Every structure is written in C-alpha cells, then in structure tokens.
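**Q** Structure file final18.cif (mmCIF, C-alpha atoms) is given on the next line.
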data_query
#
loop_
_atom_site.group_PDB
_atom_site.id
_atom_site.type_symbol
_atom_site.label_atom_id
_atom_site.label_comp_id
_atom_site.auth_asym_id
_atom_site.auth_seq_id
_atom_site.Cartn_x
_atom_site.Cartn_y
_atom_site.Cartn_z
ATOM 1 C CA MET W 156 0.000 0.000 0.000
ATOM 2 C CA LYS W 157 1.174 3.499 -0.800
ATOM 3 C CA LEU W 158 0.103 6.584 1.101
ATOM 4 C CA VAL W 159 -0.097 9.489 -1.347
ATOM 5 C CA THR W 160 0.293 12.799 0.458
ATOM 6 C CA LEU W 161 1.043 15.051 -2.524
ATOM 7 C CA LEU W 162 -1.056 16.327 -5.389
ATOM 8 C CA ALA W 163 -0.011 18.108 -8.583
ATOM 9 C CA GLN W 164 -1.385 21.609 -8.959
ATOM 10 C CA VAL W 165 -1.212 23.762 -12.107
ATOM 11 C CA GLU W 166 -0.606 27.502 -12.111
ATOM 12 C CA GLU W 167 -2.750 28.356 -15.129
ATOM 13 C CA ASP W 168 -1.042 31.675 -15.819
ATOM 14 C CA LYS W 169 2.262 29.816 -16.367
ATOM 15 C CA CYS W 170 0.866 26.823 -18.314
ATOM 16 C CA LYS W 171 1.301 27.016 -22.091
ATOM 17 C CA GLY W 172 -0.366 23.705 -22.893
ATOM 18 C CA CYS W 173 2.775 21.968 -24.179
ATOM 19 C CA ARG W 174 1.476 18.540 -23.042
ATOM 20 C CA THR W 175 4.769 17.449 -21.456
ATOM 21 C CA CYS W 176 3.006 16.817 -18.144
ATOM 22 C CA GLU W 177 0.287 14.828 -19.893
ATOM 23 C CA ARG W 178 2.871 12.602 -21.563
ATOM 24 C CA VAL W 179 4.977 11.834 -18.494
ATOM 25 C CA CYS W 180 2.126 10.980 -16.119
ATOM 26 C CA PRO W 181 2.266 7.225 -15.393
ATOM 27 C CA VAL W 182 -1.446 7.091 -14.494
ATOM 28 C CA LEU W 183 -2.839 9.490 -17.107
ATOM 29 C CA ALA W 184 -4.044 11.937 -14.446
ATOM 30 C CA ILE W 185 -3.381 15.016 -16.573
ATOM 31 C CA LYS W 186 -5.239 16.235 -19.627
ATOM 32 C CA VAL W 187 -4.629 19.449 -21.530
ATOM 33 C CA VAL W 188 -7.924 21.228 -22.150
ATOM 34 C CA ASN W 189 -8.048 24.587 -23.938
ATOM 35 C CA ARG W 190 -4.242 24.782 -23.790
ATOM 36 C CA LYS W 191 -4.159 24.374 -19.992
ATOM 37 C CA ALA W 192 -3.208 21.294 -17.982
ATOM 38 C CA VAL W 193 -5.994 19.920 -15.793
ATOM 39 C CA ILE W 194 -5.215 17.475 -12.965
ATOM 40 C CA ASP W 195 -7.614 14.676 -12.004
ATOM 41 C CA ALA W 196 -7.009 14.634 -8.238
ATOM 42 C CA GLU W 197 -8.485 11.138 -7.820
ATOM 43 C CA ARG W 198 -6.006 9.687 -10.331
ATOM 44 C CA CYS W 199 -2.914 11.697 -9.307
ATOM 45 C CA ARG W 200 -0.446 9.513 -7.409
ATOM 46 C CA GLY W 201 1.862 12.346 -6.352
ATOM 47 C CA CYS W 202 4.893 11.143 -8.311
ATOM 48 C CA ALA W 203 5.975 14.689 -9.304
ATOM 49 C CA ASN W 204 6.969 13.659 -12.845
ATOM 50 C CA CYS W 205 4.875 16.545 -14.168
ATOM 51 C CA GLU W 206 6.463 19.047 -11.809
ATOM 52 C CA GLN W 207 9.997 17.880 -12.579
ATOM 53 C CA ARG W 208 9.547 18.016 -16.341
ATOM 54 C CA CYS W 209 7.370 21.108 -16.873
ATOM 55 C CA PRO W 210 9.468 23.500 -18.977
ATOM 56 C CA ASP W 211 7.434 26.483 -17.745
ATOM 57 C CA TYR W 212 7.441 25.591 -14.023
ATOM 58 C CA ALA W 213 3.649 25.641 -14.075
ATOM 59 C CA VAL W 214 3.187 22.543 -11.921
ATOM 60 C CA THR W 215 3.873 22.350 -8.206
ATOM 61 C CA MET W 216 3.270 19.590 -5.726
ATOM 62 C CA VAL W 217 1.032 20.496 -2.805
ATOM 63 C CA LYS W 218 0.021 18.558 0.276
ATOM 64 C CA ARG W 219 -3.313 16.760 -0.089
ATOM 65 C CA ASP W 220 -6.035 17.683 2.365
ATOM 66 C CA LYS W 221 -6.536 13.987 3.023
ATOM 67 C CA PRO W 222 -3.924 11.343 2.122
ATOM 68 C CA LEU W 223 -4.907 8.823 -0.534
ATOM 69 C CA VAL W 224 -4.233 5.130 0.097
ATOM 70 C CA VAL W 225 -3.281 3.248 -3.068
ATOM 71 C CA GLY W 226 -2.873 -0.484 -3.272
ATOM 72 C CA ILE W 227 -4.585 -3.698 -4.076
ATOM 73 C CA ASP W 228 -5.660 -6.357 -1.609
ATOM 74 C CA VAL W 229 -4.190 -9.616 -2.901
ATOM 75 C CA GLY W 230 -6.576 -11.455 -0.571
ATOM 76 C CA GLU W 231 -9.445 -10.523 -2.888
ATOM 77 C CA VAL W 232 -8.008 -12.760 -5.624
ATOM 78 C CA ASP W 233 -7.417 -16.513 -5.680
ATOM 79 C CA TYR W 234 -3.747 -16.792 -4.687
ATOM 80 C CA LYS W 235 -3.289 -19.795 -6.979
ATOM 81 C CA GLU W 236 -4.139 -17.516 -9.917
ATOM 82 C CA ILE W 237 -1.607 -14.979 -8.649
ATOM 83 C CA THR W 238 1.187 -17.542 -8.339
ATOM 84 C CA ALA W 239 0.372 -19.015 -11.759
ATOM 85 C CA LEU W 240 0.495 -15.601 -13.423
ATOM 86 C CA CYS W 241 3.712 -14.682 -11.624
ATOM 87 C CA ALA W 242 5.322 -17.996 -12.630
ATOM 88 C CA LYS W 243 4.337 -17.436 -16.252
ATOM 89 C CA ALA W 244 5.884 -13.943 -16.076
ATOM 90 C CA LYS W 245 9.024 -15.438 -14.439
ATOM 91 C CA LEU W 246 8.487 -13.495 -11.218
ATOM 92 C CA HIS W 247 8.275 -14.606 -7.592
ATOM 93 C CA PRO W 248 4.989 -13.342 -6.075
ATOM 94 C CA GLU W 249 6.794 -11.682 -3.141
ATOM 95 C CA GLN W 250 9.440 -10.102 -5.364
ATOM 96 C CA HIS W 251 9.540 -6.310 -5.250
ATOM 97 C CA ILE W 252 9.173 -5.072 -8.785
ATOM 98 C CA CYS W 253 8.790 -1.386 -7.943
ATOM 99 C CA TYR W 254 11.476 -0.474 -5.453
ATOM 100 C CA CYS W 255 10.381 3.157 -5.121
ATOM 101 C CA VAL W 256 6.906 2.261 -3.895
ATOM 102 C CA GLY W 257 7.510 -1.294 -2.668
ATOM 103 C CA THR W 258 4.995 -2.924 -5.029
ATOM 104 C CA ARG W 259 5.360 -6.694 -5.226
ATOM 105 C CA ALA W 260 4.718 -8.958 -8.187
ATOM 106 C CA GLU W 261 1.679 -10.428 -6.409
ATOM 107 C CA GLU W 262 0.032 -6.994 -6.339
ATOM 108 C CA VAL W 263 0.629 -6.458 -10.046
ATOM 109 C CA ALA W 264 -0.755 -9.934 -10.759
ATOM 110 C CA ALA W 265 -3.832 -9.245 -8.611
ATOM 111 C CA ALA W 266 -4.431 -5.951 -10.435
ATOM 112 C CA ILE W 267 -4.257 -7.736 -13.784
ATOM 113 C CA ILE W 268 -6.531 -10.543 -12.625
ATOM 114 C CA LYS W 269 -8.992 -7.885 -11.409
ATOM 115 C CA GLY W 270 -9.022 -6.340 -14.889
ATOM 116 C CA ALA W 271 -6.054 -3.997 -15.395
ATOM 117 C CA ARG W 272 -5.154 -4.083 -19.094
ATOM 118 C CA THR W 273 -2.374 -1.476 -19.413
ATOM 119 C CA PRO W 274 0.685 -0.328 -17.449
ATOM 120 C CA GLU W 275 -1.206 2.862 -16.598
ATOM 121 C CA GLU W 276 -4.106 0.864 -15.102
ATOM 122 C CA VAL W 277 -1.678 -1.307 -13.114
ATOM 123 C CA SER W 278 0.012 1.862 -11.827
ATOM 124 C CA LEU W 279 -3.300 3.438 -10.891
ATOM 125 C CA LEU W 280 -4.328 0.391 -8.844
ATOM 126 C CA THR W 281 -0.978 -0.508 -7.252
ATOM 127 C CA GLY W 282 1.095 2.671 -7.178
ATOM 128 C CA ALA W 283 3.879 0.994 -9.192
ATOM 129 C CA ARG W 284 5.686 3.364 -11.603
ATOM 130 C CA THR W 285 4.902 6.380 -9.424
ATOM 131 C CA GLY W 286 8.476 6.743 -8.260
ATOM 132 C CA CYS W 287 11.269 6.724 -10.827
ATOM 133 C CA THR W 288 8.953 5.076 -13.469
ATOM 134 C CA ILE W 289 11.925 3.226 -14.975
ATOM 135 C CA GLU W 290 12.769 -0.065 -13.255
ATOM 136 C CA CYS W 291 9.297 -1.560 -12.859
ATOM 137 C CA ILE W 292 7.934 -1.193 -16.386
ATOM 138 C CA GLN W 293 9.535 -4.404 -17.682
ATOM 139 C CA PRO W 294 8.071 -6.758 -15.036
ATOM 140 C CA ILE W 295 4.690 -5.040 -15.460
ATOM 141 C CA LEU W 296 4.837 -5.574 -19.219
ATOM 142 C CA ARG W 297 5.926 -9.206 -18.744
ATOM 143 C CA SER W 298 3.021 -9.738 -16.342
ATOM 144 C CA LEU W 299 0.526 -8.217 -18.765
ATOM 145 C CA GLN W 300 1.879 -10.402 -21.583
ATOM 146 C CA ALA W 301 1.740 -13.490 -19.358
ATOM 147 C CA ALA W 302 -1.940 -12.719 -18.763
ATOM 148 C CA GLY W 303 -2.534 -12.582 -22.513
ATOM 149 C CA ARG W 304 -3.038 -8.820 -22.636
ATOM 150 C CA GLU W 305 -2.189 -7.213 -25.954
ATOM 151 C CA LEU W 306 0.459 -4.575 -25.371
ATOM 152 C CA VAL W 307 -0.554 -1.464 -27.248
ATOM 153 C CA ARG W 308 1.575 1.609 -26.669
ATOM 154 C CA ASN W 309 -0.285 4.621 -25.341
ATOM 155 C CA GLU W 310 0.489 7.275 -27.925
ATOM 156 C CA LYS W 311 -0.123 10.064 -25.399
ATOM 157 C CA GLY W 312 2.579 8.853 -23.020
ATOM 158 C CA TRP W 313 6.366 8.846 -23.107
ATOM 159 C CA GLN W 314 6.893 6.511 -20.170
ATOM 160 C CA TRP W 315 6.286 3.187 -21.879
ATOM 161 C CA TYR W 316 9.405 1.765 -23.464
ATOM 162 C CA GLY W 317 8.295 -1.599 -24.837
ATOM 163 C CA VAL W 318 9.352 -5.073 -23.852
ATOM 164 C CA THR W 319 13.053 -5.818 -23.512
ATOM 165 C CA PRO W 320 14.016 -9.400 -24.482
ATOM 166 C CA THR W 321 15.344 -11.480 -21.596
ATOM 167 C CA ALA W 322 17.006 -14.863 -21.187
ATOM 168 C CA TRP W 323 13.529 -16.374 -20.773
ATOM 169 C CA ASP W 324 12.760 -15.430 -24.378
ATOM 170 C CA LEU W 325 15.553 -17.676 -25.711
ATOM 171 C CA PRO W 326 14.523 -21.091 -27.032
ATOM 172 C CA GLU W 327 15.434 -23.906 -24.633
ATOM 173 C CA GLU W 328 17.499 -25.703 -27.237
#
What does the file become when written as structure tokens?
**A**
Amino acid sequence: MKLVTLLAQVEEDKCKGCRTCERVCPVLAIKVVNRKAVIDAERCRGCANCEQRCPDYAVTMVKRDKPLVVGIDVGEVDYKEITALCAKAKLHPEQHICYCVGTRAEEVAAAIIKGARTPEEVSLLTGARTGCTIECIQPILRSLQAAGRELVRNEKGWQWYGVTPTAWDLPEE
C-alpha cells in the first residue's frame, strides 16, 4: 500500500499547454484542455513527474487535504491464480518489482486478474511506476503479456518503453 500525500497543482497563468506533463504521467491523471493542464485529483499519485519536467514551471506539488491510500488487496483474488500468473511472467509473487513504492509482483498480478489491461491501469491500482517510473515497467509488461493482454503503446505517453528481451525469451534448445 502506498500513502499518497502530494497532489499536482497547475498555475494556469504559467501553463502554455505543451502537453509534457500529460505525456509523463504514469497514471494518465493530466489532460490538456483549452491549452491548460488539468489534474484529475483522484487519479494523481503524487509522483511529481509533471512538476519535474514542466518546462514552464507551471506545476507544483502540494500537500493533499486527506492522504490517498493506493494499493490492491491480494486477498481478494485466488492466490493460486496470482502464483500461476507470476510464474508465467518469471516473477516470484513476493518479489519487489517497484522499489520506489515497494509494489510486489503479487500486487501487479492481482491488479491484472482484477481487470487492469495497461501499465497505466496497473500503476493506478498498485502505485507501481509512481516513483522513478523506470525499473518496474519491464516486469509489469511481462506480467501483462503473461496474462494474454495485448500490449498497445499509449500514444499520449512517453513513459512506456516496450518489452526488452530477456534470457527467458531464448529457445530452450
């Protein structure tokens, strides 16, 4: 579980609608409307990617009035399904796949079993990819593939790099 205490806030007078914030958000919490960035507070996971990359310094992180708890209860899913999906993705269920947030493979598997179809949906449900957004994308993509999800790149985002081949992709012979 992740406790989100920050929220992105846009200073409209500084925002030029460049869409950088929209493209770097790992949970698609930002939309540019009428050349101004608009934050969906319920989706924002407080990662500060938008703030760090805004070329006009129009985004700041502010303290939420009430912290948001993000995470998925693996107890709501048949654990045999979780272990089977993790094994197919070549992950141990208790393995941390997002070091920044502490998300384990079992949580990603549970999110997928509960219906997550994209990395952004997995991130929204688990909090994974709301830290550095770099290390955890590959195990998330492997998990989605193991579940039979078609991996279609989100054209609005820059944070999805595609699947990197691993030793598990080599033929046994």
**Q** Considering all atoms listed in the file, can you say which of W:Val229, W:Pro294, W:Cys253, W:Val193 comes closest to Lys269 of chain W?
**A**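 Smallest distance to Lys269 of chain W is found for W:Val229.
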**Q** Using all atoms listed in the file for the distances, tell me which of W:Gly286, W:Gly172, W:Ala302, W:Glu249 is nearest to Gly270 of chain W.
**A**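 That would be W:Ala302, the residue with the smallest distance to Gly270 of chain W.
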**Q** Starting from the shown file, work through the PyMOL selection byres ((chain W and resi 176) around 8) and note down what comes out as a list in words.
**A**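 On this input, the PyMOL selection byres ((chain W and resi 176) around 8) captures Cys173, Arg174, Thr175, Glu177, Arg178, Val179, Cys180, Ile185, Ala192, Asn204, Cys205, Glu206, Arg208 and Cys209 of chain W.
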**Q** What separation in Å, quoted to one decimal, exists between atom CA of Ile289 of chain W and atom CA of Tyr254 of chain W?
**A**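 Interatomic distance, atom CA of Ile289 of chain W to atom CA of Tyr254 of chain W: 10.2 Å.
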**Q** Just give me the gap between atom CA of Glu276 of chain W and atom CA of Leu325 of chain W in Å, one decimal is fine.
**A**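 Distance between the two atoms: 29.0 Å.
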**Q** Specify as a list in words each residue included when the PyMOL selection byres ((chain W and resi 201) around 6) is applied to this file.
**A**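 Applying the PyMOL selection byres ((chain W and resi 201) around 6) to the structure shown produces Leu161, Leu162, Cys199, Arg200, Cys202 and Ala203 of chain W.
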**Q** Could you take the residues named above and write them with C-alpha atoms, as an mmCIF file, in the coordinates of the input?
**A**
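Result file is selection_33.cif:
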data_model
loop_
_atom_site.group_PDB
_atom_site.id
_atom_site.type_symbol
_atom_site.label_atom_id
_atom_site.label_comp_id
_atom_site.auth_asym_id
_atom_site.auth_seq_id
_atom_site.Cartn_x
_atom_site.Cartn_y
_atom_site.Cartn_z
ATOM 1 C CA LEU W 161 1.043 15.051 -2.524
ATOM 2 C CA LEU W 162 -1.056 16.327 -5.389
ATOM 3 C CA CYS W 199 -2.914 11.697 -9.307
ATOM 4 C CA ARG W 200 -0.446 9.513 -7.409
ATOM 5 C CA CYS W 202 4.893 11.143 -8.311
ATOM 6 C CA ALA W 203 5.975 14.689 -9.304
#
**Q** Could you tell me how far atom CA of Gln164 of chain W sits from atom CA of Met216 of chain W, in Å to one decimal place?
**A**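 For atom CA of Met216 of chain W relative to atom CA of Gln164 of chain W, the distance reads 6.0 Å.
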**Q** Write out as an MDAnalysis selection string which residues come within 8 Å of segment 221-223 of chain W when counting all atoms listed in the file, dropping same-chain ones fewer than 3 positions away.
**A** chainID W and resid 158:161
**Q** Which residues are close to Cys170 of chain W, i.e. within 10 Å by only C-alpha atoms, leaving aside same-chain residues fewer than 3 positions away? Reply as a PyMOL selection string.
**A** chain W and resi 165-167+173-174+187+190-192+209-214
**Q** Applied to this file, what does the PyMOL selection byres ((chain W and resi 243) around 12) return in terms of residues, put as a PyMOL selection string?
**A** chain W and resi 236-242+244-248+260+264+294+297-303+323-324
**Q** Closest to Arg308 of chain W among W:Ala196, W:Leu296, W:Ala322, W:Cys255, using all atoms listed in the file?
**A**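 Among the listed residues, W:Leu296 lies closest to Arg308 of chain W.
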**Q** Which is closest to Lys157 of chain W among W:Val232, W:Ala266, W:Val224, W:Val318, if we use all atoms listed in the file?
**A**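 Going through W:Val232, W:Ala266, W:Val224, W:Val318 one by one, the smallest distance to Lys157 of chain W is for W:Val224.
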**Q** Give the answer as one residue: which of W:Tyr234, W:Thr319, W:Val225, W:Arg259 has the shortest atom-to-atom distance to Leu280 of chain W, using all atoms listed in the file?
**A** W:Val225
**Q** Find the smallest box with edges along x, y and z containing every listed atom of segment 170-187 of chain W, then add 6 Å on each side and report centre and edge lengths in Å to one decimal, as AutoDock Vina command-line options.
**A**
--center_x -0.1 --center_y 17.1 --center_z -19.3 --size_x 22.2 --size_y 31.9 --size_z 21.7
**Q** W:Met156, W:Leu306, W:Ala163, W:Val182: which is nearest Leu279 of chain W, counting all atoms listed in the file?
**A**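 Answer, going by the shortest atom-to-atom distance: W:Val182.
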**Q** Can you list, as a list in words, every protein, DNA or RNA residue that comes within 8 Å of Ile295 of chain W when you count all atoms listed in the file, leaving out same-chain residues fewer than 5 positions away?
**A** Val263, Pro274 and Val277 of chain W
